[in-house]
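Worksheet: the structure to be examined is printed underneath.
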Amino acid sequence: MAKDLSIEVNGIKFENPFLLGSGPPGTNAKVIAKSFDLGWGGVVCKTISLDASLVVNVAPRYGKFRSRESNEVVGFENIELISDRPFETWLDELTQLKKNYPNKVLVASIMEEGKRENWHEIVKRVQETGVDAFEMNLSCPHGMPERRMGLAMGEDPVRVEEVVGWVKEVSTIPVWAKMTPNVTHPQDSALAAVRAGVDGIAAINTILSVVGIDPKTLLPQPTVAGATVPGGYSGQAVRPIALRHVMEIAKAIPSDVTISGMGGIETGWDAAQFMLLGSSTVQVCTAAMLRGYKMIGELTEELLKFTVDHKFAHLRDCIGHSLPHFSTHAKLVEAQRQAKLDRKSNADNNWKGDIAKETSDLTATE
């Protein structure tokens, strides 16, 4: 039975598989350091780009979807953009973080326009800081579509293959491609990234959404000066969708390409489900925003208990364990038909056996 939650992924050693996902929880060096101190296995920093002056955030930029019965926040929408902090500041902070926490995993989330020279520059300069891996943000569902960034890039497998190829030309560290759920066939872009040589897939980013209308003002939320835009939906309500995407991707890609799963993870059991469907690591963002970074203690305790209860010798042993149980509807129909035939055959055999036994008993009596 597993004694700890350590795991090696893409040659990187994680003390546990829990990472803070890219977003507000990793917005600067101070909060990233805090998460390391609390015991998170890694952090994916808030997405950075070369020219932060082009990024202008608005306020308010968050909206909540609550349960009718308990008023609990079950869904969370944001219209927040990538980091608006200067690129040079990020380079300094990433360098200092790796100096102060050499054994913690720091993943740099990067995003750029569809220009080969831009991707080459950001990769070369960021990897000099000593970060452990890149996560390519090919999936942000809102903001800057006119620059063909994020979702506008990630929904097109041809563009994904091209851009991942540019990054792999110059990256000396592992590269993950973060996938969008705002497509019908999630495996298409994932396979395009694989063809370009990606080391891992991260899934899912947020789901394009409208969180609701204010019943008093009749304005969509969140509202900025009387208007809004569709945003990215996250939180526990998206977990079933995220699990489906991870499963589809895991069944499609080669086994040597890893998956970092995310989407509505709030408990150790939530994390275990992603791992059972093929994830080697898991990321938490919205839950950390709502509950605080100290939740890592509960997450690790619950996941370790899961491995003990199910007698997994190592955390790696549970990865993909449940994947073989997914099939097609046609095969389900055939399996059901065969099961009925088997039951009938067993019943017939039992009946014949009972008759044979009765006949044998009568013969013995005579």
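In the structure tokens, chains take the letters A, B, ... in the order shown, each chain's residues start at 1, and ligands count up from 1 in the order shown.
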Output as CSV one row per residue of region 218-259 of chain A within 6 Å of region 192-208 of chain A: the closest atom pair and its distance in Å to one decimal place, counting only C-alpha atoms, sorted by chain and residue number ascending.
```
residue,atom,partner,partner_atom,distance
A:Gly231,CA,A:Leu208,CA,5.4
A:Gly232,CA,A:Thr206,CA,4.7
A:Tyr233,CA,A:Ile207,CA,4.8
A:Ser234,CA,A:Thr206,CA,5.5
A:Ala242,CA,A:Ile204,CA,5.9
A:Val257,CA,A:Gly200,CA,5.1
A:Thr258,CA,A:Gly200,CA,4.4
A:Ile259,CA,A:Ile201,CA,4.8
```
Go ahead and save the residues from that selection, with C-alpha atoms, as an mmCIF file, in the first residue's frame.
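Output file selection29.cif follows:
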```cif
data_model
loop_
_atom_site.group_PDB
_atom_site.id
_atom_site.type_symbol
_atom_site.label_atom_id
_atom_site.label_comp_id
_atom_site.auth_asym_id
_atom_site.auth_seq_id
_atom_site.Cartn_x
_atom_site.Cartn_y
_atom_site.Cartn_z
ATOM 1 C CA GLY A 231 -16.664 34.066 -19.381
ATOM 2 C CA GLY A 232 -14.964 30.905 -18.215
ATOM 3 C CA TYR A 233 -17.002 28.569 -15.980
ATOM 4 C CA SER A 234 -15.293 26.446 -13.314
ATOM 5 C CA ALA A 242 -13.878 17.580 -17.167
ATOM 6 C CA VAL A 257 2.196 11.383 -23.029
ATOM 7 C CA THR A 258 1.073 12.406 -19.557
ATOM 8 C CA ILE A 259 -2.118 14.171 -18.455
#
```
Pick out the residues sitting within 10 Å of Glu128 (chain A), and hand them over as a list in words; count only C-alpha atoms, and ignore anything fewer than 2 positions along from it in its own chain.
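The residues that qualify are Leu91, Leu94, Thr95, Val123, Lys124, Arg125, Val126, Gly130, Val131 and Thr172 of chain A.
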Write to file, as a PDB file, in the first residue's frame, the residues of the selection just made, with C-alpha atoms.
```
ATOM      1  CA  LEU A  91      11.389  36.594 -14.975  1.00  0.00           C
ATOM      2  CA  LEU A  94      10.438  32.889 -11.270  1.00  0.00           C
ATOM      3  CA  THR A  95      14.229  32.939 -10.886  1.00  0.00           C
ATOM      4  CA  VAL A 123      10.291  30.027 -24.232  1.00  0.00           C
ATOM      5  CA  LYS A 124      14.008  30.858 -24.366  1.00  0.00           C
ATOM      6  CA  ARG A 125      13.799  33.644 -21.811  1.00  0.00           C
ATOM      7  CA  VAL A 126      11.486  31.896 -19.351  1.00  0.00           C
ATOM      8  CA  GLY A 130      15.030  27.454 -14.042  1.00  0.00           C
ATOM      9  CA  VAL A 131      11.312  26.585 -14.184  1.00  0.00           C
ATOM     10  CA  THR A 172      14.787  22.205 -23.182  1.00  0.00           C
TER      11      THR A 172
END
```
Compare A:Ile82, A:Ala133, A:Leu323, A:Val224 by their minimum atom-to-atom distance to Leu277 (chain A), counting only C-alpha atoms, and give me the closest one.
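Closest residue, counting only C-alpha atoms: A:Leu323.
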Mind giving me the straight-line distance from CA of Gly154 (chain A) to CA of Pro181 (chain A) in Å, one decimal?
9.8 Å
From the options A:Asn346, A:Asn10, A:Asn28, A:Ser171, which residue's atoms come nearest to Glu121 (chain A), counting only C-alpha atoms?
A:Ser171
List the neighbours of region 282-289 of chain A out to 10 Å using only C-alpha atoms; skip same-chain residues closer than 2 positions along the sequence, and give me the result as a JSON list (two decimals) with C-alpha atoms, in the first residue's frame.
```
[["chain", "number", "residue", "atom", "x", "y", "z"],
["A", 16, "ASN", "CA", 2.49, 14.91, -4.29],
["A", 17, "PRO", "CA", 0.39, 15.22, -7.47],
["A", 18, "PHE", "CA", -1.48, 18.39, -6.44],
["A", 19, "LEU", "CA", -0.67, 21.61, -8.28],
["A", 20, "LEU", "CA", -2.29, 24.99, -7.94],
["A", 21, "GLY", "CA", -3.71, 25.67, -11.39],
["A", 22, "SER", "CA", -2.93, 28.73, -13.44],
["A", 23, "GLY", "CA", -5.00, 31.69, -12.31],
["A", 24, "PRO", "CA", -5.34, 34.04, -9.33],
["A", 25, "PRO", "CA", -3.80, 31.49, -6.88],
["A", 26, "GLY", "CA", -0.48, 31.85, -8.71],
["A", 41, "GLY", "CA", 3.35, 19.60, -4.90],
["A", 42, "GLY", "CA", 3.66, 22.28, -7.55],
["A", 43, "VAL", "CA", 2.27, 25.52, -8.94],
["A", 44, "VAL", "CA", 1.37, 26.59, -12.45],
["A", 73, "VAL", "CA", -21.14, 28.13, -4.59],
["A", 74, "VAL", "CA", -21.15, 25.21, -7.04],
["A", 75, "GLY", "CA", -20.08, 27.14, -10.14],
["A", 76, "PHE", "CA", -17.79, 30.09, -10.70],
["A", 77, "GLU", "CA", -17.40, 32.32, -13.76],
["A", 202, "ALA", "CA", -3.45, 19.58, -19.38],
["A", 203, "ALA", "CA", -7.25, 19.48, -19.35],
["A", 204, "ILE", "CA", -9.60, 21.17, -18.98],
["A", 233, "TYR", "CA", -17.00, 28.57, -15.98],
["A", 234, "SER", "CA", -15.29, 26.45, -13.31],
["A", 235, "GLY", "CA", -15.98, 24.90, -9.92],
["A", 236, "GLN", "CA", -17.45, 21.56, -8.84],
["A", 259, "ILE", "CA", -2.12, 14.17, -18.45],
["A", 260, "SER", "CA", -2.57, 16.85, -15.81],
["A", 261, "GLY", "CA", -6.29, 16.81, -15.04],
["A", 262, "MET", "CA", -8.41, 19.60, -13.60],
["A", 263, "GLY", "CA", -11.95, 20.87, -13.36],
["A", 264, "GLY", "CA", -13.96, 21.01, -10.14],
["A", 265, "ILE", "CA", -11.51, 19.18, -7.86],
["A", 266, "GLU", "CA", -12.34, 19.88, -4.20],
["A", 267, "THR", "CA", -11.57, 16.60, -2.40],
["A", 270, "ASP", "CA", -12.32, 14.10, -6.80],
["A", 271, "ALA", "CA", -8.60, 13.93, -7.55],
["A", 272, "ALA", "CA", -8.61, 10.13, -7.47],
["A", 274, "PHE", "CA", -9.15, 12.08, -12.51],
["A", 275, "MET", "CA", -6.22, 9.75, -11.86],
["A", 279, "SER", "CA", -4.21, 11.83, -15.02],
["A", 280, "SER", "CA", -0.75, 11.66, -13.47],
["A", 291, "ARG", "CA", -11.57, 27.64, 0.47],
["A", 292, "GLY", "CA", -7.97, 28.82, 0.81],
["A", 293, "TYR", "CA", -4.60, 27.24, 0.13],
["A", 294, "LYS", "CA", -4.60, 25.26, 3.40],
["A", 295, "MET", "CA", -6.98, 22.75, 1.81],
["A", 296, "ILE", "CA", -3.88, 20.91, 0.54]]
```
Please identify the strand (DSSP E) residues within region 141-291 of chain A (assignment by DSSP from backbone atoms) and present them as JSON, numbers by chain.
{"A": [175, 176, 177, 178, 200, 201, 202, 203, 207, 208, 209, 231, 232, 233, 234, 258, 259, 260, 261, 262, 281, 282, 283, 284]}
Filtering to C-alpha atoms, could you give me those residues as a PDB file, in the first residue's frame?
```pdb
ATOM      1  CA  VAL A 175       5.984  21.027 -22.431  1.00  0.00           C
ATOM      2  CA  TRP A 176       2.292  20.563 -21.586  1.00  0.00           C
ATOM      3  CA  ALA A 177      -0.491  21.824 -23.857  1.00  0.00           C
ATOM      4  CA  LYS A 178      -3.605  23.014 -22.028  1.00  0.00           C
ATOM      5  CA  GLY A 200       1.903  16.243 -21.649  1.00  0.00           C
ATOM      6  CA  ILE A 201      -1.691  17.392 -21.962  1.00  0.00           C
ATOM      7  CA  ALA A 202      -3.447  19.578 -19.375  1.00  0.00           C
ATOM      8  CA  ALA A 203      -7.253  19.479 -19.354  1.00  0.00           C
ATOM      9  CA  ILE A 207     -16.095  26.374 -20.133  1.00  0.00           C
ATOM     10  CA  LEU A 208     -17.447  29.383 -22.041  1.00  0.00           C
ATOM     11  CA  SER A 209     -20.559  30.496 -20.194  1.00  0.00           C
ATOM     12  CA  GLY A 231     -16.664  34.066 -19.381  1.00  0.00           C
ATOM     13  CA  GLY A 232     -14.964  30.905 -18.215  1.00  0.00           C
ATOM     14  CA  TYR A 233     -17.002  28.569 -15.980  1.00  0.00           C
ATOM     15  CA  SER A 234     -15.293  26.446 -13.314  1.00  0.00           C
ATOM     16  CA  THR A 258       1.073  12.406 -19.557  1.00  0.00           C
ATOM     17  CA  ILE A 259      -2.118  14.171 -18.455  1.00  0.00           C
ATOM     18  CA  SER A 260      -2.572  16.848 -15.806  1.00  0.00           C
ATOM     19  CA  GLY A 261      -6.288  16.809 -15.037  1.00  0.00           C
ATOM     20  CA  MET A 262      -8.409  19.596 -13.604  1.00  0.00           C
ATOM     21  CA  THR A 281      -1.121  15.016 -11.720  1.00  0.00           C
ATOM     22  CA  VAL A 282      -4.143  17.151 -10.864  1.00  0.00           C
ATOM     23  CA  GLN A 283      -4.650  20.891 -10.612  1.00  0.00           C
ATOM     24  CA  VAL A 284      -6.844  22.927  -8.279  1.00  0.00           C
TER      25      VAL A 284
END
```
Excluding Gly212 (chain A) and residues on its chain fewer than 2 positions from it, collect all residues at most 6 Å away from it, counting only C-alpha atoms, and give them as number ranges by chain.
A: 210, 220-221
Just the alpha helix (DSSP H) stuff from region 13-248 of chain A, please, per backbone DSSP, written as a count of residues only.
74
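Around Glu301 (chain A), within 8 Å and counting only C-alpha atoms, the residues found are Gly268, Gly297 and Lys305 of chain A, once anything fewer than 4 positions away on its own chain is removed.
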Point out the residue among A:Thr129, A:Gln338, A:Ser189, A:Thr228 with the least atom-to-atom distance to Pro102 (chain A), counting only C-alpha atoms.
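Comparing A:Thr129, A:Gln338, A:Ser189, A:Thr228 against Pro102 (chain A), the winner is A:Thr129.
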So that I can see what lies close to Asp4 (chain A), please list as a PyMOL selection string the residues with an atom at most 10 Å from it, counting only C-alpha atoms and leaving out residues fewer than 3 positions away in the same chain.
chain A and resi 1+7+15-16+300-301+303-304+307+313-315
Just want the 9 Å neighbourhood of Ala33 (chain A), counted on only C-alpha atoms, with same-chain residues fewer than 4 positions away dropped. Output as JSON, numbers by chain.
{"A": [28, 29, 37, 38, 97, 100, 101]}
Those selected residues, please, written with C-alpha atoms and delivered as a PDB file, in the first residue's frame.
```pdb
ATOM      1  CA  ASN A  28       2.834  36.476  -8.025  1.00  0.00           C
ATOM      2  CA  ALA A  29       5.895  35.108  -6.209  1.00  0.00           C
ATOM      3  CA  ASP A  37       5.246  26.367   2.283  1.00  0.00           C
ATOM      4  CA  LEU A  38       1.814  24.815   2.852  1.00  0.00           C
ATOM      5  CA  LEU A  97      11.302  31.149  -6.560  1.00  0.00           C
ATOM      6  CA  ASN A 100      14.394  29.546  -2.770  1.00  0.00           C
ATOM      7  CA  TYR A 101      12.460  26.344  -3.537  1.00  0.00           C
TER       8      TYR A 101
END
```
Between CA of Val229 (chain A) and CA of Leu54 (chain A) - distance in Å to one decimal:
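CA of Leu54 (chain A) sits 18.2 Å away from CA of Val229 (chain A).
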What does the structure give for the distance between CA of Ile79 (chain A) and CA of Val56 (chain A), in Å to one decimal?
11.3 Å
Please determine, counting only C-alpha atoms, which residue among A:His329, A:Asp214, A:Leu276, A:Val9 has the shortest atom-to-atom distance to Lys64 (chain A).
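Ranking A:His329, A:Asp214, A:Leu276, A:Val9 by distance to Lys64 (chain A), first place goes to A:Asp214.
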